[in-house]
Each structure stands twice: as structure tokens, then as C-alpha cells.
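Peer 1: Following this message is one structure expressed as C-alpha cells.
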Amino acid sequence: MLDGTDEAGRHLRGAGGAGAPEIAVEVAPAAAGGWDVRLTLRHFRFSAPHARPRAVPGRGLARLFVDGRRVTRLRAREYHLAGRLVPHGTHHVTARLYADDGTVWAVRGEPVQGTADITASGAEARPVTDTGAAGS
């Protein structure tokens with residue numbers, strides 16, 4: 001365990017070295033409306049839904065945030081984000097990795113996360129950037 005916490009007060013758990021987890025986020029407009037979110041993971045696997053609440057290196061779940069607000073927990077690489085959660089304007093879609101005990105995986109004291117910026121305009125929706133994996 002590290003001394004720090006994330007903005008929600010969850011403790012950071014160190015994950016360093018060559019096998020440290022990494023995550024990148026890609027978001028694209030969905031044909032039927034809303035957004036398709038796809039995660040790319042390295043050195044990380046999702047745990048089963050009822051996994052024991054303990055930290056196992058390289059395992060756990062992701063939480064998805066839009067502009068810092070938690071949207072859902074993820075145990076899969078793909079998710080459909082409803083359009084109502086992304087109103088007109090530019091937004092930050094972030095996925096952060098957690099251990100099954102609720103701690104945040106961190107590298108060099110920073111949460112392991114990836115963020116993609118998207119812009120919703122009503123008539124058209126488009127991805128702006130993918131900032132890739134933070135904390136790696």
C-alpha cells in the first residue's frame with residue numbers, strides 16, 4: 001500500500017516493474033447512438049464478478065468515469081456508453097484500474113488509468129483525442 005489516495009479517498013496500491021498494468025481508452029460514436037468504449041490492457045486481467053475481495057497483482061476491475069463522475073464498473077474490455085451521459089460539448093472518458101479489495105492500482109504514485117476526450121455536438125459526435133495510459 002502507498003501513502004496516498006485518489007480523489008475519492010481510495011488507497012493507492014503500488015504496481016511497479018516490467019509487469020505493471022497499463023490501460024488505454026478508445027471511444028467512438030455508436031451507429032445506434034451513444035458511444036462505444038473499448039479498453040486496451042497490458043499486464044492486467046479482469047477478475048470474475050464474485051472474486052474474493054483481495055488484491056492480486058495484475059487482476060481486478062476497471063471503473064469508468066465521464067468528467068470525473070463514476071458511470072459503471074467494468075469486467076470486460078467493451079462497454080456501450082449511453083448518449084444521455086455525454087451531453088453537448090467536450091468530455092473526458094476515463095477508465096481506472098482497481099484491485100478486488102477496492103484499492104487503486106498505481107505506478108510511481110499515480111493511478112493506472114487511461115482517458116479519451118470526446119466531443120458531442122448533437123448532429124454529429126466525434127472522438128477528439130486518446131491520451132493513452134496514464135501511470136505507465
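How things are named: the first chain in the C-alpha cells is A, the next is B, and so on; residues count from 1 in each chain; ligands count from 1 in the order shown.
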Write out as a list in words each polymer residue whose atoms come within 8 Å of Gly109 of chain A, counting only C-alpha atoms; drop sequence neighbours fewer than 3 positions from it.
Peer 2: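 Residues near the query, excluding close chain neighbours: Leu2, Gly4, Leu12, Gly14, Ala106 and Gly135 of chain A.
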Peer 1: With all heavy atoms retained, write the just-selected residues as a short mmCIF file (atom, residue, chain, number, x, y, z; two decimals), in the first residue's frame.
Peer 2:
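Final output, result_0.cif:
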data_model
loop_
_atom_site.label_atom_id
_atom_site.label_comp_id
_atom_site.auth_asym_id
_atom_site.auth_seq_id
_atom_site.Cartn_x
_atom_site.Cartn_y
_atom_site.Cartn_z
N LEU A 2 0.44 2.23 -0.73
CA LEU A 2 1.13 3.51 -0.76
C LEU A 2 0.44 4.47 0.21
O LEU A 2 -0.68 4.22 0.64
CB LEU A 2 1.11 4.08 -2.18
CG LEU A 2 1.72 3.20 -3.26
CD1 LEU A 2 1.54 3.84 -4.64
CD2 LEU A 2 3.18 2.93 -2.98
N GLY A 4 -0.69 7.49 -0.40
CA GLY A 4 -1.69 8.36 -1.00
C GLY A 4 -3.03 7.71 -1.25
O GLY A 4 -3.22 6.50 -1.11
N LEU A 12 -4.09 3.95 -2.64
CA LEU A 12 -3.31 3.52 -3.80
C LEU A 12 -2.50 2.30 -3.44
O LEU A 12 -1.95 2.20 -2.34
CB LEU A 12 -2.37 4.65 -4.23
CG LEU A 12 -3.02 5.97 -4.62
CD1 LEU A 12 -1.95 6.99 -5.01
CD2 LEU A 12 -4.02 5.79 -5.75
N GLY A 14 0.67 0.05 -4.90
CA GLY A 14 1.77 0.09 -5.84
C GLY A 14 1.82 -1.12 -6.75
O GLY A 14 1.63 -2.25 -6.30
N ALA A 106 -1.58 1.64 -8.80
CA ALA A 106 -0.82 2.86 -9.06
C ALA A 106 0.60 2.53 -9.47
O ALA A 106 1.18 1.56 -9.00
CB ALA A 106 -0.81 3.75 -7.82
N GLY A 135 0.02 6.77 -15.81
CA GLY A 135 0.56 5.94 -14.75
C GLY A 135 1.43 4.81 -15.25
O GLY A 135 1.80 3.94 -14.52
#
Peer 1: Counting only C-alpha atoms, figure out which residue out of A:Arg73, A:His88, A:Arg13, A:Arg63 gets nearest to Thr115 of chain A.
Peer 2: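 For Thr115 of chain A, the nearest of the candidates is A:Arg63.
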Peer 1: With distances taken over only C-alpha atoms, which residue among A:His80, A:Arg45, A:Asp117, A:Arg38 lies nearest Val66 of chain A?
Peer 2: A:Asp117
Peer 1: Considering only C-alpha atoms, can you say which of A:Leu81, A:Ala8, A:Ala15, A:Ala24 comes closest to Asp36 of chain A?
Peer 2: A:Leu81
Peer 1: Considering only C-alpha atoms, return as a ChimeraX atom specification whatever protein or nucleic-acid residues lie within 8 Å of Gly89 of chain A, sequence-local ones (same chain, fewer than 6 positions apart) excluded.
Peer 2: /A:119-121
